[in-house]
>>> print(open('target-v1.pdb').read())   # PDB, C-alpha atoms
ATOM      1  CA  MET A   1       1.418 -18.808 -13.887
ATOM      2  CA  PRO A   2      -1.007 -15.862 -13.382
ATOM      3  CA  LEU A   3      -3.502 -16.013 -10.556
ATOM      4  CA  PRO A   4      -6.871 -17.338 -11.691
ATOM      5  CA  HIS A   5      -9.895 -15.163 -12.311
ATOM      6  CA  ALA A   6     -11.822 -14.590  -9.057
ATOM      7  CA  PRO A   7      -9.158 -16.319  -6.946
ATOM      8  CA  ARG A   8      -9.908 -17.932  -3.616
ATOM      9  CA  ALA A   9      -7.533 -16.231  -1.184
ATOM     10  CA  VAL A  10      -6.533 -16.523   2.459
ATOM     11  CA  VAL A  11      -5.084 -13.302   3.890
ATOM     12  CA  THR A  12      -3.662 -13.172   7.408
ATOM     13  CA  GLY A  13      -3.367  -9.868   9.228
ATOM     14  CA  ALA A  14      -6.320  -8.770   7.096
ATOM     15  CA  GLY A  15      -7.802  -6.352   9.598
ATOM     16  CA  SER A  16      -5.746  -3.278   8.747
ATOM     17  CA  GLY A  17      -2.828  -1.834   6.816
ATOM     18  CA  LEU A  18      -1.343  -3.951   4.069
ATOM     19  CA  GLY A  19      -3.609  -6.919   4.833
ATOM     20  CA  ARG A  20      -6.703  -4.808   4.236
ATOM     21  CA  ALA A  21      -5.095  -3.330   1.102
ATOM     22  CA  PHE A  22      -4.516  -6.856  -0.218
ATOM     23  CA  CYS A  23      -8.150  -7.726   0.388
ATOM     24  CA  LEU A  24      -9.423  -4.619  -1.369
ATOM     25  CA  GLU A  25      -7.114  -5.145  -4.322
ATOM     26  CA  LEU A  26      -8.283  -8.760  -4.570
ATOM     27  CA  ALA A  27     -11.877  -7.530  -4.440
ATOM     28  CA  GLN A  28     -11.192  -5.730  -7.725
ATOM     29  CA  ARG A  29     -10.463  -9.197  -9.121
ATOM     30  CA  LYS A  30     -13.803 -10.486  -7.794
ATOM     31  CA  ALA A  31     -11.913 -12.650  -5.324
ATOM     32  CA  ARG A  32     -13.399 -14.867  -2.660
ATOM     33  CA  ILE A  33     -11.471 -14.043   0.475
ATOM     34  CA  LEU A  34     -10.976 -15.526   3.905
ATOM     35  CA  ALA A  35      -9.921 -12.479   5.931
ATOM     36  CA  ALA A  36      -8.104 -13.622   9.064
ATOM     37  CA  ASP A  37      -6.845 -11.487  11.921
ATOM     38  CA  ILE A  38      -6.218 -11.811  15.633
ATOM     39  CA  ASP A  39      -8.696  -8.904  15.972
ATOM     40  CA  LEU A  40     -11.898 -10.375  14.564
ATOM     41  CA  ALA A  41     -13.766  -7.046  14.553
ATOM     42  CA  SER A  42     -11.151  -5.491  12.277
ATOM     43  CA  ALA A  43     -11.318  -8.506   9.938
ATOM     44  CA  GLU A  44     -15.089  -8.140   9.783
ATOM     45  CA  GLU A  45     -14.724  -4.473   8.816
ATOM     46  CA  THR A  46     -12.341  -5.512   6.039
ATOM     47  CA  ALA A  47     -14.878  -8.097   4.863
ATOM     48  CA  ARG A  48     -17.564  -5.409   4.748
ATOM     49  CA  LEU A  49     -15.328  -3.234   2.575
ATOM     50  CA  VAL A  50     -14.528  -6.183   0.315
ATOM     51  CA  ARG A  51     -18.213  -6.899  -0.264
ATOM     52  CA  ALA A  52     -18.858  -3.222  -1.004
ATOM     53  CA  ALA A  53     -16.070  -3.387  -3.607
ATOM     54  CA  GLY A  54     -17.569  -6.403  -5.355
ATOM     55  CA  GLY A  55     -15.733  -9.305  -3.767
ATOM     56  CA  GLU A  56     -16.801 -12.077  -1.417
ATOM     57  CA  ALA A  57     -15.433 -12.454   2.079
ATOM     58  CA  VAL A  58     -15.710 -14.553   5.183
ATOM     59  CA  THR A  59     -13.750 -13.977   8.376
ATOM     60  CA  ARG A  60     -11.980 -15.938  11.060
ATOM     61  CA  ARG A  61     -10.016 -14.994  14.141
ATOM     62  CA  CYS A  62      -6.506 -16.383  13.899
ATOM     63  CA  ASP A  63      -3.336 -16.103  15.954
ATOM     64  CA  VAL A  64      -0.796 -17.201  13.335
ATOM     65  CA  SER A  65       1.754 -18.093  16.008
ATOM     66  CA  VAL A  66      -0.481 -21.057  16.925
ATOM     67  CA  ALA A  67      -0.221 -23.873  14.373
ATOM     68  CA  GLU A  68      -3.663 -25.269  15.141
ATOM     69  CA  GLU A  69      -5.296 -21.927  14.391
ATOM     70  CA  VAL A  70      -3.619 -21.771  10.978
ATOM     71  CA  GLU A  71      -4.727 -25.355  10.319
ATOM     72  CA  ALA A  72      -8.247 -24.157  11.069
ATOM     73  CA  LEU A  73      -7.916 -21.528   8.316
ATOM     74  CA  ALA A  74      -7.419 -24.291   5.763
ATOM     75  CA  ALA A  75     -10.530 -26.076   7.001
ATOM     76  CA  ALA A  76     -12.477 -22.805   6.945
ATOM     77  CA  VAL A  77     -11.512 -21.918   3.370
ATOM     78  CA  ASP A  78     -12.289 -25.478   2.273
ATOM     79  CA  GLU A  79     -15.743 -25.138   3.779
ATOM     80  CA  ALA A  80     -16.378 -21.651   2.393
ATOM     81  CA  TYR A  81     -14.885 -21.918  -1.102
ATOM     82  CA  GLY A  82     -13.701 -25.472  -1.662
ATOM     83  CA  GLY A  83     -10.046 -24.553  -1.141
ATOM     84  CA  ALA A  84      -7.627 -21.712  -1.815
ATOM     85  CA  ASP A  85      -5.661 -20.555  -4.853
ATOM     86  CA  LEU A  86      -3.584 -17.997  -2.972
ATOM     87  CA  VAL A  87      -2.346 -17.668   0.591
ATOM     88  CA  ILE A  88      -0.909 -14.344   1.706
ATOM     89  CA  ASN A  89       1.119 -14.757   4.881
ATOM     90  CA  ASN A  90       0.929 -11.111   5.886
ATOM     91  CA  ALA A  91       0.367 -10.934   9.660
ATOM     92  CA  GLY A  92       3.258  -9.178  11.355
ATOM     93  CA  VAL A  93       4.403  -7.136  14.340
ATOM     94  CA  GLY A  94       7.366  -4.903  15.074
ATOM     95  CA  VAL A  95      10.082  -4.909  17.722
ATOM     96  CA  GLY A  96      12.965  -2.442  17.672
ATOM     97  CA  GLY A  97      16.056  -1.895  19.754
ATOM     98  CA  PRO A  98      19.667  -3.029  20.113
ATOM     99  CA  ILE A  99      20.549  -6.652  20.673
ATOM    100  CA  GLY A 100      21.059  -7.228  24.378
ATOM    101  CA  LYS A 101      18.518  -4.560  25.313
ATOM    102  CA  VAL A 102      15.429  -6.036  23.686
ATOM    103  CA  PRO A 103      13.857  -8.427  26.241
ATOM    104  CA  LEU A 104      13.833 -12.076  25.264
ATOM    105  CA  SER A 105      10.070 -12.076  25.738
ATOM    106  CA  ASP A 106       9.802  -9.600  22.859
ATOM    107  CA  TRP A 107      12.088 -11.775  20.712
ATOM    108  CA  ARG A 108       9.774 -14.726  21.347
ATOM    109  CA  TRP A 109       6.697 -12.633  20.516
ATOM    110  CA  ILE A 110       7.982 -11.384  17.179
ATOM    111  CA  LEU A 111       9.447 -14.745  16.193
ATOM    112  CA  GLY A 112       6.084 -16.361  16.922
ATOM    113  CA  VAL A 113       4.136 -13.990  14.685
ATOM    114  CA  ASN A 114       6.520 -12.885  11.939
ATOM    115  CA  LEU A 115       8.452 -16.099  11.367
ATOM    116  CA  TRP A 116       6.485 -18.996  12.854
ATOM    117  CA  GLY A 117       3.293 -17.472  11.448
ATOM    118  CA  VAL A 118       4.716 -17.709   7.924
ATOM    119  CA  VAL A 119       6.158 -21.170   8.589
ATOM    120  CA  HIS A 120       2.725 -22.312   9.733
ATOM    121  CA  GLY A 121       1.049 -20.846   6.649
ATOM    122  CA  CYS A 122       3.498 -22.570   4.311
ATOM    123  CA  HIS A 123       3.386 -25.842   6.239
ATOM    124  CA  VAL A 124      -0.402 -25.967   6.071
ATOM    125  CA  PHE A 125      -1.117 -24.753   2.541
ATOM    126  CA  VAL A 126       1.864 -25.838   0.425
ATOM    127  CA  PRO A 127       1.102 -29.585   0.570
ATOM    128  CA  ARG A 128      -2.456 -28.837  -0.566
ATOM    129  CA  PHE A 129      -1.184 -26.747  -3.471
ATOM    130  CA  LYS A 130       1.362 -29.401  -4.460
ATOM    131  CA  GLU A 131      -1.236 -32.145  -4.448
ATOM    132  CA  ARG A 132      -3.440 -30.078  -6.760
ATOM    133  CA  GLY A 133      -0.552 -28.839  -8.932
ATOM    134  CA  SER A 134      -1.479 -25.165  -8.637
ATOM    135  CA  GLY A 135      -1.590 -22.286  -6.189
ATOM    136  CA  HIS A 136       0.558 -19.400  -5.049
ATOM    137  CA  VAL A 137       2.216 -18.463  -1.759
ATOM    138  CA  LEU A 138       2.845 -14.764  -1.155
ATOM    139  CA  ASN A 139       4.985 -14.205   1.922
ATOM    140  CA  VAL A 140       5.269 -10.684   3.296
ATOM    141  CA  ALA A 141       8.824  -9.971   4.399
ATOM    142  CA  SER A 142      10.478  -6.544   4.289
ATOM    143  CA  ALA A 143      13.490  -4.758   2.876
ATOM    144  CA  ALA A 144      14.699  -5.092   6.476
ATOM    145  CA  GLY A 145      15.145  -8.784   5.738
ATOM    146  CA  LEU A 146      17.566  -7.931   2.937
ATOM    147  CA  LEU A 147      19.410  -4.934   4.390
ATOM    148  CA  ALA A 148      19.746  -5.533   8.181
ATOM    149  CA  ALA A 149      19.741  -1.977   9.544
ATOM    150  CA  PRO A 150      20.889  -1.425  13.166
ATOM    151  CA  ASP A 151      18.483  -1.288  16.113
ATOM    152  CA  MET A 152      16.080  -3.599  14.272
ATOM    153  CA  GLY A 153      17.568  -6.967  15.170
ATOM    154  CA  PRO A 154      14.389  -8.903  16.046
ATOM    155  CA  TYR A 155      12.502  -7.539  13.050
ATOM    156  CA  ASN A 156      15.464  -8.103  10.692
ATOM    157  CA  VAL A 157      15.906 -11.681  11.855
ATOM    158  CA  THR A 158      12.265 -12.593  11.308
ATOM    159  CA  LYS A 159      12.075 -10.955   7.895
ATOM    160  CA  SER A 160      15.397 -12.460   6.786
ATOM    161  CA  GLY A 161      13.951 -15.809   7.810
ATOM    162  CA  VAL A 162      10.884 -15.199   5.665
ATOM    163  CA  VAL A 163      13.114 -14.374   2.688
ATOM    164  CA  ALA A 164      15.173 -17.554   3.211
ATOM    165  CA  LEU A 165      12.036 -19.643   3.667
ATOM    166  CA  SER A 166      10.572 -18.253   0.443
ATOM    167  CA  GLU A 167      13.769 -18.851  -1.539
ATOM    168  CA  THR A 168      13.958 -22.423  -0.269
ATOM    169  CA  LEU A 169      10.310 -23.008  -1.028
ATOM    170  CA  ALA A 170      10.645 -21.629  -4.564
ATOM    171  CA  ALA A 171      13.479 -24.085  -5.267
ATOM    172  CA  GLU A 172      11.527 -26.998  -3.814
ATOM    173  CA  LEU A 173       8.393 -26.140  -5.804
ATOM    174  CA  ASP A 174      10.083 -25.596  -9.146
ATOM    175  CA  GLY A 175       8.123 -27.444 -11.815
ATOM    176  CA  THR A 176       5.169 -28.271  -9.554
ATOM    177  CA  GLY A 177       2.830 -25.535 -10.794
ATOM    178  CA  VAL A 178       2.948 -23.790  -7.393
ATOM    179  CA  GLY A 179       4.398 -20.274  -7.272
ATOM    180  CA  VAL A 180       6.148 -18.317  -4.533
ATOM    181  CA  THR A 181       6.616 -14.570  -4.137
ATOM    182  CA  VAL A 182       8.309 -12.770  -1.248
ATOM    183  CA  LEU A 183       7.383  -9.125  -0.754
ATOM    184  CA  CYS A 184      10.098  -6.769   0.551
ATOM    185  CA  PRO A 185       8.830  -3.179   0.881
ATOM    186  CA  THR A 186      10.526  -0.299   2.699
ATOM    187  CA  PHE A 187       8.409   2.452   4.296
ATOM    188  CA  PHE A 188       4.669   2.923   3.828
ATOM    189  CA  LYS A 189       1.849   3.729   6.213
ATOM    190  CA  THR A 190       0.790   0.860   8.495
ATOM    191  CA  ASN A 191      -0.061   0.430  12.166
ATOM    192  CA  ILE A 192       3.157  -1.436  12.932
ATOM    193  CA  ALA A 193       4.971   1.501  14.551
ATOM    194  CA  ARG A 194       2.177   2.100  17.057
ATOM    195  CA  SER A 195       1.305  -1.522  17.719
ATOM    196  CA  GLY A 196       4.910  -2.709  18.024
ATOM    197  CA  ARG A 197       7.336  -2.705  20.926
ATOM    198  CA  THR A 198      10.378  -0.462  20.803
ATOM    199  CA  HIS A 199      13.549  -0.225  22.857
ATOM    200  CA  ALA A 200      15.396   1.780  20.205
ATOM    201  CA  GLU A 201      18.132   4.237  21.114
ATOM    202  CA  ARG A 202      17.807   6.047  17.779
ATOM    203  CA  GLY A 203      14.595   7.362  16.317
ATOM    204  CA  SER A 204      11.091   6.905  17.698
ATOM    205  CA  PRO A 205       7.662   5.644  16.582
ATOM    206  CA  ASP A 206       6.866   9.254  15.624
ATOM    207  CA  ASP A 207       9.938   9.403  13.375
ATOM    208  CA  LEU A 208       8.968   6.119  11.751
ATOM    209  CA  GLU A 209       5.411   7.272  11.167
ATOM    210  CA  LYS A 210       6.671  10.448   9.478
ATOM    211  CA  LEU A 211       8.792   8.362   7.107
ATOM    212  CA  MET A 212       5.805   6.140   6.383
ATOM    213  CA  ASP A 213       3.539   9.116   5.726
ATOM    214  CA  ARG A 214       5.999  10.645   3.256
ATOM    215  CA  ALA A 215       6.334   7.533   1.111
ATOM    216  CA  LYS A 216       5.046   7.916  -2.431
ATOM    217  CA  VAL A 217       4.266   4.182  -2.645
ATOM    218  CA  GLN A 218       1.594   3.348  -0.063
ATOM    219  CA  ALA A 219      -0.238   0.173   0.992
ATOM    220  CA  PRO A 220      -2.629  -0.054  -2.011
ATOM    221  CA  ASP A 221       0.337   0.351  -4.387
ATOM    222  CA  VAL A 222       2.357  -2.244  -2.472
ATOM    223  CA  ALA A 223      -0.511  -4.756  -2.580
ATOM    224  CA  ARG A 224      -1.052  -4.169  -6.301
ATOM    225  CA  PHE A 225       2.677  -4.537  -7.038
ATOM    226  CA  ALA A 226       2.870  -7.765  -5.036
ATOM    227  CA  LEU A 227      -0.115  -9.343  -6.806
ATOM    228  CA  GLU A 228       1.255  -8.291 -10.204
ATOM    229  CA  SER A 229       4.573  -9.888  -9.226
ATOM    230  CA  ALA A 230       2.731 -13.093  -8.329
ATOM    231  CA  ASP A 231       0.915 -12.968 -11.689
ATOM    232  CA  ALA A 232       4.281 -12.612 -13.425
ATOM    233  CA  GLY A 233       5.793 -15.511 -11.470
ATOM    234  CA  ARG A 234       8.454 -13.335  -9.822
ATOM    235  CA  LEU A 235      10.064 -14.567  -6.621
ATOM    236  CA  TYR A 236      11.177 -11.155  -5.341
ATOM    237  CA  ALA A 237       8.802  -8.197  -5.165
ATOM    238  CA  LEU A 238      10.455  -4.904  -4.163
ATOM    239  CA  PRO A 239       7.900  -2.150  -4.715
ATOM    240  CA  HIS A 240       9.994   0.796  -3.481
ATOM    241  CA  GLY A 241      12.829   2.325  -5.502
ATOM    242  CA  ASP A 242      15.011   2.960  -2.448
ATOM    243  CA  GLY A 243      14.751  -0.699  -1.454
ATOM    244  CA  ARG A 244      15.723  -1.891  -4.939
ATOM    245  CA  TRP A 245      18.679   0.501  -5.045
ATOM    246  CA  MET A 246      20.017  -0.473  -1.618
ATOM    247  CA  TRP A 247      19.625  -4.196  -2.318
ATOM    248  CA  ARG A 248      21.668  -3.817  -5.521
ATOM    249  CA  MET A 249      24.352  -1.912  -3.617
ATOM    250  CA  LYS A 250      24.538  -4.600  -0.949
ATOM    251  CA  ARG A 251      24.927  -7.363  -3.523
ATOM    252  CA  LEU A 252      27.642  -5.425  -5.359
ATOM    253  CA  MET A 253      29.728  -4.517  -2.302
ATOM    254  CA  PRO A 254      28.364  -6.187   0.811
ATOM    255  CA  GLU A 255      31.037  -5.214   3.343
ATOM    256  CA  THR A 256      31.136  -1.573   2.259
ATOM    257  CA  PHE A 257      27.360  -1.490   2.372
ATOM    258  CA  GLN A 258      27.239  -2.917   5.895
ATOM    259  CA  SER A 259      29.964  -0.716   7.392
ATOM    260  CA  PHE A 260      29.417   2.553   5.528
ATOM    261  CA  ILE A 261      26.134   2.884   3.666
ATOM    262  CA  VAL A 262      23.691   1.391   6.202
ATOM    263  CA  PRO A 263      24.723   3.537   9.217
ATOM    264  CA  ARG A 264      24.612   6.716   7.115
ATOM    265  CA  SER A 265      21.296   5.772   5.533
ATOM    266  CA  VAL A 266      19.753   5.227   8.961
ATOM    267  CA  ALA A 267      21.121   8.530  10.264
ATOM    268  CA  PHE A 268      19.821  10.355   7.189
ATOM    269  CA  ALA A 269      16.368   8.783   7.519
ATOM    270  CA  ILE A 270      16.091   9.804  11.184
ATOM    271  CA  LYS A 271      17.245  13.346  10.397
ATOM    272  CA  ARG A 272      14.741  13.573   7.539
ATOM    273  CA  ALA A 273      11.915  12.335   9.745
ATOM    274  CA  LYS A 274      12.699  14.908  12.406
ATOM    275  CA  GLY A 275      12.448  17.586   9.694
TER     276      GLY A 275
END
>>> encode(input="target-v1.pdb", output="structure tokens")
Amino acid sequence: MPLPHAPRAVVTGAGSGLGRAFCLELAQRKARILAADIDLASAEETARLVRAAGGEAVTRRCDVSVAEEVEALAAAVDEAYGGADLVINNAGVGVGGPIGKVPLSDWRWILGVNLWGVVHGCHVFVPRFKERGSGHVLNVASAAGLLAAPDMGPYNVTKSGVVALSETLAAELDGTGVGVTVLCPTFFKTNIARSGRTHAERGSPDDLEKLMDRAKVQAPDVARFALESADAGRLYALPHGDGRWMWRMKRLMPETFQSFIVPRSVAFAIKRAKG
């Protein structure tokens, strides 16, 4: 079922990157947006841009790893707009490095934001959508959650969890009028490389940023593709051609993909980034 005209939307991680791109794309639809971010000042800047683009926006500080703070988002959107039609569980962080080297404290941090944050969003909003018989959940995962490249264990695990959660949710909600989409992009420009924590033995934040900068499909395109996928009722949204190609290859020959294609793809990407 397509999203309604002028949807009421909750967007986490709305202060920058893809979250801000979602808000600005929704503004083109005259949306009423609750822009949530752990950095309230950045969320307020997003809200200003939304209003300038013709949408409505209110803001709230939210640490998605804390269930009570996500519960408060539901109360806030009820107060501001009488409820939500769309929740975009977008807030995320990055941790890189080999398993055994990444500190457990960093595992806990990324699990709290990337996985528990999405669990909290679904736990809070899905029952409300089911009771009403309408609504859409858009969970932001990553191609990393489908492909499992080396030196990205914590990130892969959280994004794989988001994919599994979304697939489970879609099956549970079949026939209820509530839709689910999971977004799995590859590289595009965000702040995640600089704001994350890395213990990687291959590549660097600079290499990752170069790959992001070179991508033809950037955050506004990713947001637009994801919302169009939600409109079309698609579960999987893979906006980048390389991600779609690699996912097909993995499904066709999973062991060959894991032992041969992934290591060479990673090496090629690092070499390309270094120029």
>>> residues_around(input="target-v1.pdb", residues="A:Arg61", least_positions_apart="2", cutoff="6 Å", atoms="all atoms listed in the file", output="PyMOL selection string")
chain A and resi 36-38+40
>>> atom_distance(input="target-v1.pdb", atom1="atom CA of A:Arg108", atom2="atom CA of A:Val70")
18.3 Å
>>> resolve_selection(input="target-v1.pdb", expression="the PyMOL selection byres ((chain A and resi 163) around 8)", output="PyMOL selection string")
chain A and resi 141+145-146+159-162+164-167+182
>>> write_last_selection(input="target-v1.pdb", atoms="C-alpha atoms", output="tab-separated table (two decimals), in the coordinates of the input")
chain	number	residue	atom	x	y	z
A	141	ALA	CA	8.82	-9.97	4.40
A	145	GLY	CA	15.14	-8.78	5.74
A	146	LEU	CA	17.57	-7.93	2.94
A	159	LYS	CA	12.08	-10.96	7.90
A	160	SER	CA	15.40	-12.46	6.79
A	161	GLY	CA	13.95	-15.81	7.81
A	162	VAL	CA	10.88	-15.20	5.66
A	164	ALA	CA	15.17	-17.55	3.21
A	165	LEU	CA	12.04	-19.64	3.67
A	166	SER	CA	10.57	-18.25	0.44
A	167	GLU	CA	13.77	-18.85	-1.54
A	182	VAL	CA	8.31	-12.77	-1.25
>>> resolve_selection(input="target-v1.pdb", expression="the PyMOL selection byres ((chain A and resi 89) around 8)", output="ChimeraX atom specification")
/A:11-13,87-88,90-91,117-118,121,137-140
>>> atom_distance(input="target-v1.pdb", atom1="atom CA of A:Ala53", atom2="atom CA of A:His240")
26.4 Å
>>> closest_residue(input="target-v1.pdb", among="A:Asn156, A:Lys250, A:Val126, A:Glu131", to="A:Leu169", atoms="all atoms listed in the file")
A:Val126
>>> build_atoms(input="target-v1.pdb", residues="stretch 137-150 of chain A", atoms="N, CA and C atoms", output="short mmCIF file (atom, residue, chain, number, x, y, z; two decimals), in the frame of the given file")
data_model
loop_
_atom_site.label_atom_id
_atom_site.label_comp_id
_atom_site.auth_asym_id
_atom_site.auth_seq_id
_atom_site.Cartn_x
_atom_site.Cartn_y
_atom_site.Cartn_z
N VAL A 137 1.90 -18.92 -3.11
CA VAL A 137 2.22 -18.46 -1.76
C VAL A 137 2.86 -17.09 -1.87
N LEU A 138 2.28 -16.11 -1.19
CA LEU A 138 2.84 -14.76 -1.16
C LEU A 138 3.20 -14.46 0.30
N ASN A 139 4.50 -14.44 0.57
CA ASN A 139 4.99 -14.20 1.92
C ASN A 139 5.41 -12.75 2.05
N VAL A 140 4.92 -12.09 3.08
CA VAL A 140 5.27 -10.68 3.30
C VAL A 140 6.49 -10.62 4.21
N ALA A 141 7.60 -10.22 3.63
CA ALA A 141 8.82 -9.97 4.40
C ALA A 141 9.00 -8.46 4.50
N SER A 142 10.18 -7.97 4.20
CA SER A 142 10.48 -6.54 4.29
C SER A 142 11.86 -6.33 3.70
N ALA A 143 12.12 -5.10 3.25
CA ALA A 143 13.49 -4.76 2.88
C ALA A 143 14.43 -4.93 4.07
N ALA A 144 13.89 -4.86 5.28
CA ALA A 144 14.70 -5.09 6.48
C ALA A 144 15.31 -6.49 6.46
N GLY A 145 14.63 -7.43 5.83
CA GLY A 145 15.14 -8.78 5.74
C GLY A 145 16.27 -8.93 4.75
N LEU A 146 16.47 -7.93 3.91
CA LEU A 146 17.57 -7.93 2.94
C LEU A 146 18.72 -7.04 3.36
N LEU A 147 18.44 -6.00 4.16
CA LEU A 147 19.41 -4.93 4.39
C LEU A 147 19.98 -4.89 5.80
N ALA A 148 19.24 -5.38 6.81
CA ALA A 148 19.75 -5.53 8.18
C ALA A 148 20.26 -4.23 8.79
N ALA A 149 19.37 -3.24 8.91
CA ALA A 149 19.74 -1.98 9.54
C ALA A 149 19.90 -2.16 11.05
N PRO A 150 20.70 -1.30 11.71
CA PRO A 150 20.89 -1.42 13.17
C PRO A 150 19.63 -1.06 13.94
#
